[in-house]
Amino acid sequence: MPSFAQRLIAWQRRHGRHDLPWQGTREPYRVWLAEIMLQQTQVATVLRYYERFLERFPTLEALAAAPLEEVMAAWSGLGYYARARHLHQCAQLLISERGGAFPSEPAAIARLPGIGRSTANAIAACCFGRRVPILDGNVKRVLCRHLGIPGWPGEPAIEARLWHEAEALLPEQEVPAYLQAQMDLGALVCTRLKPRCGACPVRDDCLARRQGLVTELPTPRPKKPLPEREATFLVLKHGERVLFELRPPAGIWGGLLSLPELPAGREAVDYAAQRFGLTVKAVFPAPSFTHVFTHFRLRLAPLVCAVGPSASVAEPALRWLTAEQWAQAALPAPIRKMLSAIP
Ligand code: SF4
């Protein structure tokens, strides 16, 4: 039987994806951007953003020179904004410390902001011809099933084993084609739900298939109750406009525009007067809802405050935006959802 890699590469030639805009280039900037966008986002969504982002920031230099707020706005809609923040930080670091050149060693690439081992290896293999494996979500799923590996792949011991297996399966030649084949197989055939084992090029020696464990593997993350937090956000409205605050670069929702958060124990009218010099005429609570983060659940309670008569605020981090303007701005998804629910 041909090797695992040989079968995947042959399958990819006939059935894989060949016309994605980041394929066929060895330019690190384009490959890196695609890898970062694809980290937590489906290909179909990335396709809507990739070229547009490149039009706005065609080079590493252009990205490094742009204000963070513009980068965040171009990322708006892709979510997981820490990726955009790191992208910008990484571009600035590459320009200031390396004259705009990407390192070619996987370990050196992995030390850059926002680039983990798998992304670093993908860049090193596709742009610099290194013989290194990748281990993204798709590859983990395929390996767990094909090799019949139980245990949650996020656990360090399981992940270490998967890296070891991924290295052992690497072909001597055609590494970029093999990596693309792995990603395509995970995305098109060995999917999370309803995998199409009948169309799989490695079905004959797939342990999960033989042992009837396809739906059991990979083992899901162990469930544990998430701690719950609460936060009250002020929707300070003056006519058609709402007051937003640019959050500091570090921390939750860093670098995004958000609504001012009411500190615990404070009262909205006093806080608005003291913090922003605003007079609140009336306060209405709007429906609250819960957003689930990876490590906690956040109960968001909006307080709509009608502001008047004067609404001038001088701080550079504050913005009065109309609904059309905030629809285009880089807002955290829960804040956007909360605002959209307010009549
Ligand atoms: S046979 Fe099925 S479970 Fe096994 S690798 Fe192929 S698609 Fe995945």
# chains A, B, ... in the order shown; residues from 1 in each chain; ligands from 1
>>> residues_near_ligand(ligand="ligand 1", cutoff="12 Å", atoms="only C-alpha atoms and all ligand atoms", output="PyMOL selection string")
chain A and resi 4+7-8+11+138-149+182-218
>>> write_last_selection(atoms="C-alpha atoms", output="PDB file, in the first residue's frame")
ATOM      1  CA  PHE A   4      -0.270   7.755   4.130  1.00  0.00           C
ATOM      2  CA  ARG A   7      -2.229   8.582  -0.827  1.00  0.00           C
ATOM      3  CA  LEU A   8      -3.102  12.024   0.508  1.00  0.00           C
ATOM      4  CA  TRP A  11      -6.041  12.449  -3.579  1.00  0.00           C
ATOM      5  CA  ASN A 138      -8.156  19.541  10.906  1.00  0.00           C
ATOM      6  CA  VAL A 139      -4.906  17.596  11.120  1.00  0.00           C
ATOM      7  CA  LYS A 140      -5.493  16.679  14.762  1.00  0.00           C
ATOM      8  CA  ARG A 141      -8.917  15.288  13.881  1.00  0.00           C
ATOM      9  CA  VAL A 142      -7.592  13.216  10.954  1.00  0.00           C
ATOM     10  CA  LEU A 143      -4.685  11.810  12.982  1.00  0.00           C
ATOM     11  CA  CYS A 144      -6.795  11.012  16.060  1.00  0.00           C
ATOM     12  CA  ARG A 145      -9.211   9.068  13.889  1.00  0.00           C
ATOM     13  CA  HIS A 146      -6.799   7.419  11.508  1.00  0.00           C
ATOM     14  CA  LEU A 147      -4.436   6.297  14.266  1.00  0.00           C
ATOM     15  CA  GLY A 148      -7.243   5.635  16.763  1.00  0.00           C
ATOM     16  CA  ILE A 149      -5.801   7.996  19.404  1.00  0.00           C
ATOM     17  CA  GLN A 182      -4.089  17.146   5.181  1.00  0.00           C
ATOM     18  CA  MET A 183      -5.977  20.410   5.545  1.00  0.00           C
ATOM     19  CA  ASP A 184      -8.227  19.598   2.580  1.00  0.00           C
ATOM     20  CA  LEU A 185      -8.977  16.102   3.835  1.00  0.00           C
ATOM     21  CA  GLY A 186      -9.990  17.464   7.244  1.00  0.00           C
ATOM     22  CA  ALA A 187     -12.105  20.223   5.724  1.00  0.00           C
ATOM     23  CA  LEU A 188     -13.756  18.253   2.898  1.00  0.00           C
ATOM     24  CA  VAL A 189     -13.871  14.547   3.899  1.00  0.00           C
ATOM     25  CA  CYS A 190     -12.864  13.836   7.495  1.00  0.00           C
ATOM     26  CA  THR A 191     -15.148  16.567   8.776  1.00  0.00           C
ATOM     27  CA  ARG A 192     -16.129  17.023  12.411  1.00  0.00           C
ATOM     28  CA  LEU A 193     -19.710  15.937  11.772  1.00  0.00           C
ATOM     29  CA  LYS A 194     -20.670  13.280   9.217  1.00  0.00           C
ATOM     30  CA  PRO A 195     -17.244  12.409   7.777  1.00  0.00           C
ATOM     31  CA  ARG A 196     -17.392  10.883   4.276  1.00  0.00           C
ATOM     32  CA  CYS A 197     -15.316   7.779   4.959  1.00  0.00           C
ATOM     33  CA  GLY A 198     -16.380   6.210   1.649  1.00  0.00           C
ATOM     34  CA  ALA A 199     -14.537   8.990  -0.218  1.00  0.00           C
ATOM     35  CA  CYS A 200     -11.448   8.922   2.004  1.00  0.00           C
ATOM     36  CA  PRO A 201      -8.076   7.957   0.461  1.00  0.00           C
ATOM     37  CA  VAL A 202      -6.796   6.495   3.760  1.00  0.00           C
ATOM     38  CA  ARG A 203      -9.911   4.574   4.784  1.00  0.00           C
ATOM     39  CA  ASP A 204      -8.361   1.095   4.352  1.00  0.00           C
ATOM     40  CA  ASP A 205      -6.079   1.439   7.368  1.00  0.00           C
ATOM     41  CA  CYS A 206      -8.130   3.940   9.387  1.00  0.00           C
ATOM     42  CA  LEU A 207      -8.426   2.556  12.927  1.00  0.00           C
ATOM     43  CA  ALA A 208     -11.425   4.670  13.909  1.00  0.00           C
ATOM     44  CA  ARG A 209     -13.309   3.358  10.891  1.00  0.00           C
ATOM     45  CA  ARG A 210     -12.327  -0.263  11.544  1.00  0.00           C
ATOM     46  CA  GLN A 211     -13.239  -0.063  15.192  1.00  0.00           C
ATOM     47  CA  GLY A 212     -16.474   1.919  14.733  1.00  0.00           C
ATOM     48  CA  LEU A 213     -15.057   4.912  16.661  1.00  0.00           C
ATOM     49  CA  VAL A 214     -15.403   7.605  13.997  1.00  0.00           C
ATOM     50  CA  THR A 215     -18.037   9.534  15.920  1.00  0.00           C
ATOM     51  CA  GLU A 216     -16.159   9.081  19.238  1.00  0.00           C
ATOM     52  CA  LEU A 217     -12.852  10.534  18.034  1.00  0.00           C
ATOM     53  CA  PRO A 218     -11.322  12.957  18.594  1.00  0.00           C
TER      54      PRO A 218
END
>>> residues_around(residues="A:Phe293", least_positions_apart="3", cutoff="12 Å", atoms="only C-alpha atoms", output="number ranges by chain")
A: 80, 226-229, 252-253, 290, 296-299, 332-334
>>> select_by_dssp(residues="stretch 98-214 of chain A", states="helix (DSSP H, G or I)", output="PyMOL selection string")
chain A and resi 98+106-110+117-128+137-146+156-169+175-188+197-199+203-205+207-210
>>> write_last_selection(atoms="C-alpha atoms", output="CSV table (one decimal), in the first residue's frame")
chain,number,residue,atom,x,y,z
A,98,ARG,CA,14.6,42.5,10.8
A,106,PRO,CA,10.5,27.3,12.3
A,107,ALA,CA,11.5,27.9,15.9
A,108,ALA,CA,12.4,31.6,15.1
A,109,ILE,CA,9.1,32.1,13.3
A,110,ALA,CA,7.2,30.6,16.3
A,117,ARG,CA,4.2,26.1,16.3
A,118,SER,CA,1.8,24.8,13.6
A,119,THR,CA,1.5,28.2,11.9
A,120,ALA,CA,5.3,28.7,12.1
A,121,ASN,CA,5.8,25.3,10.5
A,122,ALA,CA,3.3,26.0,7.7
A,123,ILE,CA,5.1,29.2,6.8
A,124,ALA,CA,8.5,27.5,7.1
A,125,ALA,CA,7.4,24.6,4.8
A,126,CYS,CA,5.5,26.7,2.2
A,127,CYS,CA,7.8,29.7,2.0
A,128,PHE,CA,11.3,28.3,2.9
A,137,GLY,CA,-7.6,21.4,14.2
A,138,ASN,CA,-8.2,19.5,10.9
A,139,VAL,CA,-4.9,17.6,11.1
A,140,LYS,CA,-5.5,16.7,14.8
A,141,ARG,CA,-8.9,15.3,13.9
A,142,VAL,CA,-7.6,13.2,11.0
A,143,LEU,CA,-4.7,11.8,13.0
A,144,CYS,CA,-6.8,11.0,16.1
A,145,ARG,CA,-9.2,9.1,13.9
A,146,HIS,CA,-6.8,7.4,11.5
A,156,PRO,CA,-0.3,18.3,26.5
A,157,ALA,CA,0.5,14.5,26.5
A,158,ILE,CA,-2.0,13.9,23.6
A,159,GLU,CA,-0.7,16.9,21.7
A,160,ALA,CA,2.9,15.7,22.1
A,161,ARG,CA,2.0,12.3,20.8
A,162,LEU,CA,0.2,13.9,17.8
A,163,TRP,CA,3.3,16.0,17.0
A,164,HIS,CA,5.4,12.9,17.1
A,165,GLU,CA,3.0,11.0,14.8
A,166,ALA,CA,2.7,14.0,12.4
A,167,GLU,CA,6.5,14.1,12.1
A,168,ALA,CA,6.7,10.3,11.5
A,169,LEU,CA,4.2,10.6,8.7
A,175,VAL,CA,5.8,18.7,1.9
A,176,PRO,CA,3.7,21.7,1.0
A,177,ALA,CA,1.4,19.5,-1.2
A,178,TYR,CA,1.1,17.1,1.7
A,179,LEU,CA,0.3,19.8,4.2
A,180,GLN,CA,-2.4,21.2,1.9
A,181,ALA,CA,-3.8,17.6,1.4
A,182,GLN,CA,-4.1,17.1,5.2
A,183,MET,CA,-6.0,20.4,5.5
A,184,ASP,CA,-8.2,19.6,2.6
A,185,LEU,CA,-9.0,16.1,3.8
A,186,GLY,CA,-10.0,17.5,7.2
A,187,ALA,CA,-12.1,20.2,5.7
A,188,LEU,CA,-13.8,18.3,2.9
A,197,CYS,CA,-15.3,7.8,5.0
A,198,GLY,CA,-16.4,6.2,1.6
A,199,ALA,CA,-14.5,9.0,-0.2
A,203,ARG,CA,-9.9,4.6,4.8
A,204,ASP,CA,-8.4,1.1,4.4
A,205,ASP,CA,-6.1,1.4,7.4
A,207,LEU,CA,-8.4,2.6,12.9
A,208,ALA,CA,-11.4,4.7,13.9
A,209,ARG,CA,-13.3,3.4,10.9
A,210,ARG,CA,-12.3,-0.3,11.5
>>> residues_around(residues="A:Lys281", least_positions_apart="5", cutoff="12 Å", atoms="only C-alpha atoms", output="mmCIF file with C-alpha atoms, in the first residue's frame")
data_model
loop_
_atom_site.group_PDB
_atom_site.id
_atom_site.type_symbol
_atom_site.label_atom_id
_atom_site.label_comp_id
_atom_site.auth_asym_id
_atom_site.auth_seq_id
_atom_site.Cartn_x
_atom_site.Cartn_y
_atom_site.Cartn_z
ATOM 1 C CA LEU A 236 -24.827 56.657 26.333
ATOM 2 C CA LYS A 237 -27.099 58.026 23.596
ATOM 3 C CA HIS A 238 -27.163 61.567 22.335
ATOM 4 C CA ALA A 268 -24.816 55.327 36.014
ATOM 5 C CA VAL A 269 -25.808 59.004 36.310
ATOM 6 C CA ASP A 270 -22.956 59.917 38.685
ATOM 7 C CA ALA A 272 -21.329 59.468 33.392
ATOM 8 C CA ALA A 273 -21.060 62.946 34.953
ATOM 9 C CA VAL A 304 -29.408 52.850 27.964
ATOM 10 C CA CYS A 305 -28.814 56.444 29.089
ATOM 11 C CA ALA A 306 -30.298 59.444 27.286
ATOM 12 C CA VAL A 307 -27.679 62.195 27.387
ATOM 13 C CA GLY A 308 -28.224 65.918 27.023
ATOM 14 C CA PRO A 309 -28.096 68.744 26.366
ATOM 15 C CA SER A 310 -24.340 68.994 25.730
ATOM 16 C CA ALA A 311 -22.415 65.896 24.722
#
>>> atom_distance(atom1="atom CA of A:Ile36", atom2="atom CA of A:Gln173")
25.3 Å
>>> atom_distance(atom1="atom CA of A:Gly129", atom2="atom CA of A:Pro113")
22.1 Å
>>> residues_around(residues="A:Gly77", least_positions_apart="6", cutoff="12 Å", atoms="only C-alpha atoms", output="PyMOL selection string")
chain A and resi 37+41+45-46+48-49+84+327-333+336
>>> atom_distance(atom1="atom CA of A:Phe244", atom2="atom CA of A:Phe57")
25.6 Å
>>> select_by_dssp(residues="stretch 26-274 of chain A", states="strand (DSSP E or B)", output="short mmCIF file (atom, residue, chain, number, x, y, z; two decimals) with C-alpha atoms, in the first residue's frame")
data_model
loop_
_atom_site.label_atom_id
_atom_site.label_comp_id
_atom_site.auth_asym_id
_atom_site.auth_seq_id
_atom_site.Cartn_x
_atom_site.Cartn_y
_atom_site.Cartn_z
CA GLU A 228 -19.79 33.36 35.63
CA ARG A 229 -19.09 37.11 35.68
CA GLU A 230 -21.33 40.11 35.24
CA ALA A 231 -20.69 43.47 33.63
CA THR A 232 -22.89 46.51 33.07
CA PHE A 233 -22.29 48.54 29.91
CA LEU A 234 -23.50 52.09 29.38
CA VAL A 235 -25.22 52.88 26.10
CA LEU A 236 -24.83 56.66 26.33
CA LYS A 237 -27.10 58.03 23.60
CA HIS A 238 -27.16 61.57 22.34
CA ARG A 241 -25.16 58.76 18.31
CA VAL A 242 -23.72 56.41 20.94
CA LEU A 243 -20.51 56.94 22.93
CA PHE A 244 -17.75 54.34 22.40
CA GLU A 245 -14.43 53.96 24.12
CA LEU A 246 -11.25 52.54 22.56
CA LEU A 257 -14.07 50.02 20.35
CA SER A 258 -16.46 49.10 23.15
CA GLU A 261 -18.22 49.63 31.41
CA LEU A 262 -19.84 50.76 34.65
#
>>> residues_around(residues="A:Glu70", least_positions_apart="3", cutoff="12 Å", atoms="only C-alpha atoms", output="list of chain:residue names")
A:Phe53, A:Arg56, A:Phe57, A:Ala62, A:Leu63, A:Ala64, A:Ala65, A:Ala66, A:Pro67, A:Ala73, A:Ala74, A:Trp75, A:Ser76, A:Ala84, A:Arg85, A:His88, A:Gly255, A:Leu256, A:Leu257, A:Gln328, A:Ala329, A:Ala330
>>> write_last_selection(atoms="C-alpha atoms", output="PDB file, in the first residue's frame")
ATOM      1  CA  PHE A  53      -7.232  43.137   3.594  1.00  0.00           C
ATOM      2  CA  ARG A  56      -5.816  47.874   2.137  1.00  0.00           C
ATOM      3  CA  PHE A  57      -2.411  46.656   3.421  1.00  0.00           C
ATOM      4  CA  ALA A  62       1.964  49.119   4.865  1.00  0.00           C
ATOM      5  CA  LEU A  63       0.570  46.965   7.666  1.00  0.00           C
ATOM      6  CA  ALA A  64       3.276  48.028  10.127  1.00  0.00           C
ATOM      7  CA  ALA A  65       2.765  51.732   9.308  1.00  0.00           C
ATOM      8  CA  ALA A  66      -1.039  51.666   9.715  1.00  0.00           C
ATOM      9  CA  PRO A  67      -2.699  52.730  12.990  1.00  0.00           C
ATOM     10  CA  ALA A  73     -11.548  47.927  11.403  1.00  0.00           C
ATOM     11  CA  ALA A  74     -10.291  45.919   8.377  1.00  0.00           C
ATOM     12  CA  TRP A  75     -10.486  42.777  10.534  1.00  0.00           C
ATOM     13  CA  SER A  76     -14.000  43.637  11.715  1.00  0.00           C
ATOM     14  CA  ALA A  84      -5.276  41.262  14.301  1.00  0.00           C
ATOM     15  CA  ARG A  85      -3.510  42.878  17.238  1.00  0.00           C
ATOM     16  CA  HIS A  88       0.055  44.371  13.583  1.00  0.00           C
ATOM     17  CA  GLY A 255      -7.672  47.660  20.759  1.00  0.00           C
ATOM     18  CA  LEU A 256     -11.406  47.381  19.977  1.00  0.00           C
ATOM     19  CA  LEU A 257     -14.075  50.017  20.352  1.00  0.00           C
ATOM     20  CA  GLN A 328     -18.514  49.268  10.201  1.00  0.00           C
ATOM     21  CA  ALA A 329     -16.303  49.616  13.295  1.00  0.00           C
ATOM     22  CA  ALA A 330     -14.257  46.925  15.051  1.00  0.00           C
TER      23      ALA A 330
END
>>> closest_residue(among="A:Arg83, A:His15, A:Arg319, A:Arg131", to="A:Arg247", atoms="only C-alpha atoms")
A:Arg319
